[in-house]
$ cat model_32.pdb   # PDB, C-alpha atoms
ATOM      1  CA  MET A 237       5.649  13.344   8.611
ATOM      2  CA  PRO A 238       7.907  10.862   6.761
ATOM      3  CA  LEU A 239       6.668   8.310   4.271
ATOM      4  CA  LEU A 240       4.182   5.795   5.610
ATOM      5  CA  SER A 241       4.261   2.135   4.695
ATOM      6  CA  MET A 242       0.911   0.616   3.756
ATOM      7  CA  THR A 243       1.641  -2.518   5.775
ATOM      8  CA  GLY A 244       1.499  -2.609   9.548
ATOM      9  CA  PHE A 245      -0.158  -3.915  12.700
ATOM     10  CA  GLY A 246      -1.375  -2.352  15.912
ATOM     11  CA  ASP A 247      -3.419  -3.524  18.866
ATOM     12  CA  ALA A 248      -4.664  -2.226  22.205
ATOM     13  CA  ARG A 249      -6.671  -3.527  25.178
ATOM     14  CA  ASP A 250      -8.561  -1.886  27.991
ATOM     15  CA  GLU A 251     -10.917  -2.858  30.812
ATOM     16  CA  ARG A 252     -13.244  -0.212  32.210
ATOM     17  CA  ASP A 253     -16.785   0.051  33.492
ATOM     18  CA  ASP A 254     -17.428  -3.698  33.399
ATOM     19  CA  HIS A 255     -16.251  -3.991  29.785
ATOM     20  CA  ALA A 256     -13.122  -5.577  28.317
ATOM     21  CA  ILE A 257     -12.270  -4.124  24.894
ATOM     22  CA  THR A 258      -9.677  -5.363  22.401
ATOM     23  CA  ALA A 259      -8.882  -3.623  19.115
ATOM     24  CA  GLU A 260      -6.595  -5.021  16.407
ATOM     25  CA  VAL A 261      -5.739  -3.257  13.148
ATOM     26  CA  ARG A 262      -3.830  -4.695  10.191
ATOM     27  CA  THR A 263      -3.105  -2.939   6.900
ATOM     28  CA  ILE A 264      -1.893  -4.252   3.543
ATOM     29  CA  ASN A 265      -1.343  -2.747   0.098
ATOM     30  CA  ASN A 266      -4.221  -1.406  -1.969
ATOM     31  CA  ARG A 267      -4.443   1.439  -4.482
ATOM     32  CA  HIS A 268      -7.599   2.637  -2.718
ATOM     33  CA  PHE A 269      -9.020   2.687   0.806
ATOM     34  CA  LYS A 270     -10.854  -0.490   1.764
ATOM     35  CA  LEU A 271     -12.090  -1.293   5.258
ATOM     36  CA  ASN A 272     -12.859  -4.814   6.478
ATOM     37  CA  LEU A 273     -14.510  -4.461   9.882
ATOM     38  CA  ARG A 274     -15.419  -7.131  12.418
ATOM     39  CA  THR A 275     -17.050  -6.295  15.735
ATOM     40  CA  THR A 276     -18.811  -8.214  18.468
ATOM     41  CA  ASP A 277     -22.422  -9.015  17.642
ATOM     42  CA  GLY A 278     -24.730  -6.165  18.556
ATOM     43  CA  TYR A 279     -22.332  -3.303  17.763
ATOM     44  CA  ALA A 280     -22.948  -2.839  14.044
ATOM     45  CA  ALA A 281     -24.455   0.579  14.798
ATOM     46  CA  LEU A 282     -20.936   1.826  15.517
ATOM     47  CA  ASP A 283     -19.493   0.854  12.112
ATOM     48  CA  SER A 284     -19.692   4.372  10.667
ATOM     49  CA  ARG A 285     -18.015   5.884  13.730
ATOM     50  CA  ILE A 286     -15.256   3.293  13.624
ATOM     51  CA  GLU A 287     -14.629   3.954   9.924
ATOM     52  CA  ALA A 288     -14.461   7.713  10.509
ATOM     53  CA  VAL A 289     -11.752   7.221  13.133
ATOM     54  CA  VAL A 290      -9.786   4.781  10.947
ATOM     55  CA  ARG A 291      -9.833   7.251   8.042
ATOM     56  CA  GLU A 292      -8.102   9.807  10.263
ATOM     57  CA  TYR A 293      -5.064   7.513  10.389
ATOM     58  CA  VAL A 294      -5.161   5.630   7.068
ATOM     59  CA  ARG A 295      -5.825   7.147   3.652
ATOM     60  CA  ARG A 296      -4.937   4.263   1.356
ATOM     61  CA  GLY A 297      -4.693   0.488   1.665
ATOM     62  CA  THR A 298      -6.780  -2.428   2.872
ATOM     63  CA  VAL A 299      -7.516  -2.051   6.586
ATOM     64  CA  ASN A 300      -8.639  -5.051   8.623
ATOM     65  CA  VAL A 301     -10.140  -3.972  11.954
ATOM     66  CA  ASN A 302     -11.246  -6.452  14.612
ATOM     67  CA  ILE A 303     -12.926  -5.067  17.738
ATOM     68  CA  ARG A 304     -14.069  -7.379  20.506
ATOM     69  CA  ILE A 305     -16.248  -6.114  23.354
ATOM     70  CA  ARG A 306     -16.876  -8.377  26.328
ATOM     71  CA  HIS A 307     -19.268  -7.491  29.124
ATOM     72  CA  MET A 308     -17.819  -8.737  32.403
ATOM     73  CA  SER A 309     -21.092  -9.972  33.853
ATOM     74  CA  ASP A 310     -22.053 -10.770  37.431
ATOM     75  CA  ALA A 311     -24.147 -13.744  38.451
ATOM     76  CA  GLU A 312     -27.192 -11.468  38.656
ATOM     77  CA  ASP A 313     -26.880 -10.771  34.933
ATOM     78  CA  TYR A 314     -28.118 -14.270  34.049
ATOM     79  CA  ARG A 315     -31.367 -16.126  34.541
ATOM     80  CA  VAL A 316     -32.895 -19.445  33.562
ATOM     81  CA  ASN A 317     -35.623 -19.183  30.942
ATOM     82  CA  VAL A 318     -38.065 -21.553  32.583
ATOM     83  CA  ALA A 319     -40.425 -21.710  29.607
ATOM     84  CA  VAL A 320     -37.645 -22.767  27.240
ATOM     85  CA  LEU A 321     -36.267 -25.258  29.764
ATOM     86  CA  GLU A 322     -39.675 -26.880  30.322
ATOM     87  CA  ASN A 323     -40.223 -27.098  26.568
ATOM     88  CA  TYR A 324     -36.934 -28.960  26.188
ATOM     89  CA  VAL A 325     -37.879 -31.329  29.050
ATOM     90  CA  ASP A 326     -41.348 -32.031  27.614
ATOM     91  CA  GLN A 327     -39.955 -32.872  24.193
ATOM     92  CA  LEU A 328     -37.175 -35.035  25.571
ATOM     93  CA  GLN A 329     -39.593 -36.936  27.791
ATOM     94  CA  LYS A 330     -41.895 -37.610  24.822
ATOM     95  CA  VAL A 331     -38.983 -38.992  22.819
ATOM     96  CA  ALA A 332     -37.830 -41.097  25.795
ATOM     97  CA  ALA A 333     -41.329 -42.528  26.320
ATOM     98  CA  LYS A 334     -41.801 -43.256  22.636
ATOM     99  CA  ARG A 335     -38.464 -44.991  22.332
ATOM    100  CA  GLN A 336     -38.673 -46.545  25.800
ATOM    101  CA  LEU A 337     -35.452 -44.869  26.899
ATOM    102  CA  ALA A 338     -34.507 -44.988  30.554
ATOM    103  CA  GLU A 339     -31.751 -42.360  30.443
ATOM    104  CA  ASP A 340     -32.086 -39.621  33.072
ATOM    105  CA  ILE A 341     -32.317 -35.985  31.976
ATOM    106  CA  ARG A 342     -29.604 -33.985  33.766
ATOM    107  CA  LEU A 343     -29.907 -30.251  34.437
ATOM    108  CA  GLU A 344     -26.286 -29.465  33.543
ATOM    109  CA  SER A 345     -26.881 -30.858  30.074
ATOM    110  CA  LEU A 346     -30.102 -28.888  29.682
ATOM    111  CA  ALA A 347     -28.362 -25.664  30.767
ATOM    112  CA  ASN A 348     -26.094 -25.838  27.715
ATOM    113  CA  LEU A 349     -28.985 -25.895  25.271
ATOM    114  CA  PRO A 350     -29.642 -22.683  23.281
ATOM    115  CA  GLY A 351     -31.896 -20.175  25.029
ATOM    116  CA  VAL A 352     -31.986 -21.865  28.433
ATOM    117  CA  ILE A 353     -29.591 -19.386  30.064
ATOM    118  CA  GLU A 354     -30.347 -15.745  29.209
ATOM    119  CA  GLU A 355     -28.105 -12.742  29.724
ATOM    120  CA  LEU A 356     -30.210  -9.935  31.090
ATOM    121  CA  SER A 357     -27.840  -7.170  29.908
ATOM    122  CA  SER A 358     -28.512  -6.434  26.265
ATOM    123  CA  GLU A 359     -25.189  -5.368  24.783
ATOM    124  CA  ALA A 360     -26.794  -4.327  21.511
ATOM    125  CA  SER A 361     -28.744  -1.604  23.282
ATOM    126  CA  GLU A 362     -25.540  -0.429  25.006
ATOM    127  CA  ALA A 363     -23.610   0.267  21.796
ATOM    128  CA  GLU A 364     -23.814   4.064  22.018
ATOM    129  CA  GLU A 365     -23.015   3.991  25.722
ATOM    130  CA  VAL A 366     -19.930   1.826  25.190
ATOM    131  CA  TRP A 367     -18.534   3.958  22.321
ATOM    132  CA  PRO A 368     -16.657   6.321  24.725
ATOM    133  CA  LEU A 369     -14.811   3.212  25.922
ATOM    134  CA  ILE A 370     -14.221   1.766  22.454
ATOM    135  CA  GLU A 371     -12.908   4.924  20.784
ATOM    136  CA  PRO A 372      -9.758   5.458  22.930
ATOM    137  CA  THR A 373      -8.864   1.764  22.596
ATOM    138  CA  LEU A 374      -9.330   1.935  18.825
ATOM    139  CA  ARG A 375      -7.202   5.076  18.627
ATOM    140  CA  ALA A 376      -4.480   3.457  20.726
ATOM    141  CA  SER A 377      -4.332   0.525  18.289
ATOM    142  CA  LEU A 378      -4.178   2.955  15.349
ATOM    143  CA  GLU A 379      -1.352   4.889  17.035
ATOM    144  CA  ALA A 380       0.586   1.629  17.375
ATOM    145  CA  LEU A 381      -0.157   0.886  13.723
ATOM    146  CA  THR A 382       1.103   4.337  12.714
ATOM    147  CA  ALA A 383       4.328   3.843  14.668
ATOM    148  CA  MET A 384       5.049   0.618  12.779
ATOM    149  CA  ARG A 385       4.115   2.129   9.421
ATOM    150  CA  THR A 386       6.332   5.149  10.134
ATOM    151  CA  ALA A 387       9.334   2.976  10.983
ATOM    152  CA  GLU A 388       8.889   0.945   7.794
ATOM    153  CA  GLY A 389       8.301   4.165   5.855
ATOM    154  CA  MET A 390      11.667   5.538   6.953
ATOM    155  CA  ALA A 391      13.362   2.424   5.593
ATOM    156  CA  LEU A 392      11.429   2.804   2.331
ATOM    157  CA  ALA A 393      12.451   6.459   2.048
ATOM    158  CA  ALA A 394      16.111   5.579   2.546
ATOM    159  CA  ASP A 395      15.961   2.931  -0.177
ATOM    160  CA  LEU A 396      14.096   5.228  -2.582
ATOM    161  CA  ALA A 397      16.662   7.969  -2.023
ATOM    162  CA  ALA A 398      19.469   5.496  -2.739
ATOM    163  CA  GLN A 399      17.813   4.419  -6.005
ATOM    164  CA  CYS A 400      17.356   8.063  -7.017
ATOM    165  CA  SER A 401      21.069   8.613  -6.402
ATOM    166  CA  ALA A 402      21.778   5.717  -8.763
ATOM    167  CA  VAL A 403      19.544   7.319 -11.398
ATOM    168  CA  GLU A 404      21.272  10.664 -10.957
ATOM    169  CA  SER A 405      24.725   9.079 -11.227
ATOM    170  CA  SER A 406      23.839   7.392 -14.529
ATOM    171  CA  LEU A 407      22.177  10.578 -15.784
ATOM    172  CA  ASN A 408      25.347  12.557 -15.091
ATOM    173  CA  ALA A 409      27.321   9.989 -17.072
ATOM    174  CA  ILE A 410      24.852  10.345 -19.949
ATOM    175  CA  ALA A 411      25.067  14.149 -19.864
ATOM    176  CA  THR A 412      28.862  13.924 -20.016
ATOM    177  CA  ARG A 413      28.830  11.408 -22.837
ATOM    178  CA  SER A 414      26.114  13.028 -24.966
ATOM    179  CA  PRO A 415      28.248  15.790 -26.628
ATOM    180  CA  GLN A 416      30.851  13.205 -27.562
ATOM    181  CA  VAL A 417      28.310  11.146 -29.513
ATOM    182  CA  VAL A 418      27.934  13.714 -32.303
ATOM    183  CA  GLU A 419      31.683  14.272 -32.503
ATOM    184  CA  GLY A 420      32.258  10.530 -32.720
ATOM    185  CA  TYR A 421      29.643  10.230 -35.457
ATOM    186  CA  ARG A 422      31.265  13.118 -37.372
ATOM    187  CA  GLN A 423      34.648  11.458 -37.224
ATOM    188  CA  ARG A 424      33.316   8.059 -38.318
ATOM    189  CA  LEU A 425      31.321   9.618 -41.152
ATOM    190  CA  GLN A 426      34.293  11.547 -42.480
ATOM    191  CA  ASP A 427      36.507   8.469 -42.310
ATOM    192  CA  ARG A 428      33.984   6.341 -44.201
ATOM    193  CA  VAL A 429      33.304   9.012 -46.812
ATOM    194  CA  GLY A 430      37.035   9.504 -47.276
ATOM    195  CA  GLU A 431      37.574   5.782 -47.797
ATOM    196  CA  VAL A 432      34.761   5.540 -50.355
ATOM    197  CA  LEU A 433      35.868   8.631 -52.256
ATOM    198  CA  ALA A 434      39.464   7.441 -52.370
ATOM    199  CA  LYS A 435      38.379   4.027 -53.597
ATOM    200  CA  PHE A 436      36.297   5.406 -56.458
ATOM    201  CA  ASN A 437      38.419   8.507 -57.068
ATOM    202  CA  ALA A 438      35.382  10.766 -56.508
ATOM    203  CA  SER A 439      34.624  13.907 -54.545
ATOM    204  CA  ILE A 440      31.774  15.272 -52.435
ATOM    205  CA  GLU A 441      30.832  18.720 -51.263
ATOM    206  CA  PRO A 442      31.751  19.313 -47.582
ATOM    207  CA  ILE A 443      28.331  20.875 -47.051
ATOM    208  CA  ASP A 444      26.732  17.485 -47.676
ATOM    209  CA  VAL A 445      28.763  15.955 -44.852
ATOM    210  CA  VAL A 446      27.894  18.855 -42.571
ATOM    211  CA  ARG A 447      24.197  18.506 -43.401
ATOM    212  CA  GLU A 448      24.249  14.789 -42.550
ATOM    213  CA  ILE A 449      26.003  15.499 -39.253
ATOM    214  CA  CYS A 450      23.421  18.168 -38.398
ATOM    215  CA  VAL A 451      20.564  15.774 -39.108
ATOM    216  CA  PHE A 452      22.145  13.150 -36.844
ATOM    217  CA  ALA A 453      22.809  15.715 -34.108
ATOM    218  CA  ASP A 454      19.212  16.901 -34.189
ATOM    219  CA  ARG A 455      17.815  13.371 -34.201
ATOM    220  CA  SER A 456      20.015  12.218 -31.308
ATOM    221  CA  ASP A 457      19.788  15.368 -29.177
ATOM    222  CA  ILE A 458      18.722  14.350 -25.658
ATOM    223  CA  SER A 459      19.423  17.604 -23.841
ATOM    224  CA  GLU A 460      15.715  18.283 -23.208
ATOM    225  CA  GLU A 461      15.146  14.790 -21.864
ATOM    226  CA  ILE A 462      18.130  15.160 -19.528
ATOM    227  CA  VAL A 463      16.767  18.461 -18.196
ATOM    228  CA  ARG A 464      13.307  16.995 -17.638
ATOM    229  CA  LEU A 465      14.669  13.885 -15.949
ATOM    230  CA  ARG A 466      16.709  16.065 -13.595
ATOM    231  CA  SER A 467      13.554  18.032 -12.839
ATOM    232  CA  HIS A 468      11.644  14.833 -12.069
ATOM    233  CA  LEU A 469      14.414  13.733  -9.710
ATOM    234  CA  ALA A 470      14.145  17.048  -7.861
ATOM    235  CA  GLN A 471      10.348  16.672  -7.636
ATOM    236  CA  PHE A 472      10.741  13.133  -6.347
ATOM    237  CA  ALA A 473      13.143  14.308  -3.633
ATOM    238  CA  GLN A 474      10.683  17.038  -2.620
ATOM    239  CA  ALA A 475       7.838  14.521  -2.426
ATOM    240  CA  LEU A 476       9.954  12.327  -0.132
ATOM    241  CA  GLN A 477      10.221  15.286   2.251
ATOM    242  CA  ALA A 478       6.591  16.396   1.930
ATOM    243  CA  ALA A 479       4.448  17.143   4.980
ATOM    244  CA  GLU A 480       2.401  13.998   4.350
ATOM    245  CA  SER A 481       3.019  10.666   2.684
ATOM    246  CA  ALA A 482       2.569  11.010  -1.095
ATOM    247  CA  GLY A 483       2.663   7.532  -2.596
ATOM    248  CA  ARG A 484       0.479   8.369  -5.594
ATOM    249  CA  LYS A 485       2.528  11.445  -6.444
ATOM    250  CA  LEU A 486       5.730   9.424  -6.246
ATOM    251  CA  GLU A 487       4.166   6.818  -8.510
ATOM    252  CA  PHE A 488       3.272   9.454 -11.108
ATOM    253  CA  ILE A 489       6.760  11.018 -11.023
ATOM    254  CA  CYS A 490       8.323   7.578 -11.437
ATOM    255  CA  GLN A 491       6.195   6.997 -14.542
ATOM    256  CA  GLU A 492       7.386  10.308 -15.999
ATOM    257  CA  MET A 493      11.018   9.418 -15.287
ATOM    258  CA  GLY A 494      10.459   6.148 -17.108
ATOM    259  CA  ARG A 495       9.130   7.976 -20.180
ATOM    260  CA  GLU A 496      12.124  10.309 -20.341
ATOM    261  CA  THR A 497      14.507   7.386 -19.907
ATOM    262  CA  ASN A 498      12.867   5.470 -22.758
ATOM    263  CA  THR A 499      13.176   8.511 -25.019
ATOM    264  CA  ILE A 500      16.851   8.891 -24.170
ATOM    265  CA  GLY A 501      17.434   5.228 -24.959
ATOM    266  CA  SER A 502      15.679   5.450 -28.324
ATOM    267  CA  LYS A 503      17.349   8.703 -29.434
ATOM    268  CA  ALA A 504      20.919   8.265 -28.234
ATOM    269  CA  ASN A 505      22.692   5.985 -30.694
ATOM    270  CA  ASP A 506      25.557   5.114 -28.383
ATOM    271  CA  ALA A 507      26.597   1.965 -26.515
ATOM    272  CA  GLU A 508      27.780   3.766 -23.380
ATOM    273  CA  ILE A 509      24.561   5.750 -23.082
ATOM    274  CA  SER A 510      22.537   2.576 -23.666
ATOM    275  CA  HIS A 511      24.392   0.948 -20.771
ATOM    276  CA  GLU A 512      23.523   3.853 -18.467
ATOM    277  CA  VAL A 513      19.913   3.754 -19.642
ATOM    278  CA  VAL A 514      19.718   0.111 -18.561
ATOM    279  CA  GLU A 515      21.080   1.098 -15.145
ATOM    280  CA  ILE A 516      18.455   3.833 -14.820
ATOM    281  CA  LYS A 517      15.651   1.470 -15.819
ATOM    282  CA  THR A 518      16.849  -1.051 -13.236
ATOM    283  CA  ALA A 519      16.785   1.597 -10.507
ATOM    284  CA  LEU A 520      13.355   2.848 -11.632
ATOM    285  CA  GLU A 521      11.947  -0.672 -11.483
ATOM    286  CA  ARG A 522      13.140  -0.966  -7.891
ATOM    287  CA  ILE A 523      11.587   2.416  -7.137
ATOM    288  CA  ARG A 524       8.320   1.333  -8.748
ATOM    289  CA  GLU A 525       8.200  -1.818  -6.616
ATOM    290  CA  GLN A 526       8.891   0.061  -3.397
ATOM    291  CA  ILE A 527       6.321   2.766  -4.125
ATOM    292  CA  GLN A 528       3.637   0.064  -4.119
ATOM    293  CA  ASN A 529       4.229  -0.109  -0.354
ATOM    294  CA  VAL A 530       3.922   3.645   0.244
ATOM    295  CA  GLU A 531       0.652   5.240   1.327
TER     296      GLU A 531
END

$ encode --input "model_32.pdb" --output "structure tokens"
Amino acid sequence: MPLLSMTGFGDARDERDDHAITAEVRTINNRHFKLNLRTTDGYAALDSRIEAVVREYVRRGTVNVNIRIRHMSDAEDYRVNVAVLENYVDQLQKVAAKRQLAEDIRLESLANLPGVIEELSSEASEAEEVWPLIEPTLRASLEALTAMRTAEGMALAADLAAQCSAVESSLNAIATRSPQVVEGYRQRLQDRVGEVLAKFNASIEPIDVVREICVFADRSDISEEIVRLRSHLAQFAQALQAAESAGRKLEFICQEMGRETNTIGSKANDAEISHEVVEIKTALERIREQIQNVE
């Protein structure tokens, strides 16, 4: 499976067995899994089942799930609650008599009052029975979500690979330049020492110059950092091709690449290497931003 984006949308609809079911799923970035679930009143008992299914498809990110269940009722499914209706009429008549109101009480107006019309089918009690209808619709919406996240993940992977290539290119330039830094320092040191000695008609032991060059070479040696950064690049490439999306692993590797790059920049006393370090940091920042979108 390629990388998965943490942002996506999927929906599905179905009508079976006198029920119309709609499922919508939206995901956005989050370092952890967070589920925001909305269902039709009376179906809260299914929340745990819904979450279990969602977790099969999404491991990280904020998931907004909206499931609407509508019972396609027949006329026989409704009745007039006579007791409630008569109570409304009695109260309205008392108010009319007290205020001396002559306005007629119309049945169509009374029918819209709360509790007058009752639905005989209790959807809350049908929750478990309706689950076999809800689950395939929910899974269909999650499959659509996965398709979108996969497509966006492929674009993310391509961009991450391009940024890694930029890092590798600058790292190769640094590896080529690194041996020349010590030689350049040796030449500059000898020239300066020669000028000073000639000016003051003095002399210095060659071993002193060699010792200073060795100290500089040891202090500015970045060979280990180059090796480790190459290793991190290889690990990053492997994670991009892993069997499952590995956003957290990529994030950790990126942090390690940043540490090695900072060390190279602080140890290598050279303008050309500093320029390449800036290029690497720029690419790593782009990688870091993109990884925030990877599951």

$ axis_aligned_box --input "model_32.pdb" --around "segment 462-469 of chain A" --padding-each-side "8 Å" --output "AutoDock Vina command-line options"
--center_x 14.9 --center_y 16.1 --center_z -14.6 --size_x 22.5 --size_y 20.7 --size_z 25.8

$ atom_distance --input "model_32.pdb" --atom1 "atom CA of Val530 of chain A" --atom2 "atom CA of His268 of chain A"
11.9 Å

$ atom_distance --input "model_32.pdb" --atom1 "atom CA of Ile500 of chain A" --atom2 "atom CA of Ser459 of chain A"
9.1 Å

$ closest_residue --input "model_32.pdb" --among "A:Ile286, A:Leu239, A:Arg495, A:Leu476" --to "Ala397 of chain A" --atoms "all atoms listed in the file"
A:Leu476

$ residues_around --input "model_32.pdb" --residues "segment 287-289 of chain A" --least-positions-apart "2" --cutoff "10 Å" --atoms "all atoms listed in the file" --output "list in words"
Leu271, Asn272, Leu273, Leu282, Asp283, Ser284, Arg285, Arg291, Glu292, Tyr293, Val294, Val299, Val301, Glu371, Leu374, Arg375 and Leu378 of chain A

$ resolve_selection --input "model_32.pdb" --expression "the PyMOL selection byres ((chain A and resi 267) around 8)" --output "ChimeraX atom specification"
/A:265-266,268-269,296-297

$ atom_distance --input "model_32.pdb" --atom1 "atom CA of Glu362 of chain A" --atom2 "atom CA of Gly278 of chain A"
8.7 Å

$ residues_around --input "model_32.pdb" --residues "Ala383 of chain A" --least-positions-apart "4" --cutoff "10 Å" --atoms "all atoms listed in the file" --output "number ranges by chain"
A: 240, 244-246, 377-379, 387-389

$ closest_residue --input "model_32.pdb" --among "A:Ile489, A:Val352, A:Ala470, A:Ile516" --to "Ser405 of chain A" --atoms "all atoms listed in the file"
A:Ile516

$ closest_residue --input "model_32.pdb" --among "A:Val325, A:Ile527, A:Val513, A:Leu392" --to "Phe488 of chain A" --atoms "only C-alpha atoms"
A:Ile527

$ residues_near_point --input "model_32.pdb" --point "(24.0, 1.8, -23.2)" --cutoff "12 Å" --atoms "all atoms listed in the file" --output "JSON, numbers by chain"
{"A": [406, 407, 409, 410, 413, 414, 497, 498, 500, 501, 502, 503, 504, 505, 506, 507, 508, 509, 510, 511, 512, 513, 514, 515, 516, 517]}

$ closest_residue --input "model_32.pdb" --among "A:Lys334, A:Tyr279, A:Leu520, A:Thr243" --to "Gln491 of chain A" --atoms "only C-alpha atoms"
A:Leu520

$ closest_residue --input "model_32.pdb" --among "A:His255, A:Asn348, A:Glu364, A:Ala393" --to "Ala478 of chain A" --atoms "all atoms listed in the file"
A:Ala393

$ closest_residue --input "model_32.pdb" --among "A:Glu461, A:Leu396, A:Glu521, A:Asp250" --to "Arg306 of chain A" --atoms "only C-alpha atoms"
A:Asp250
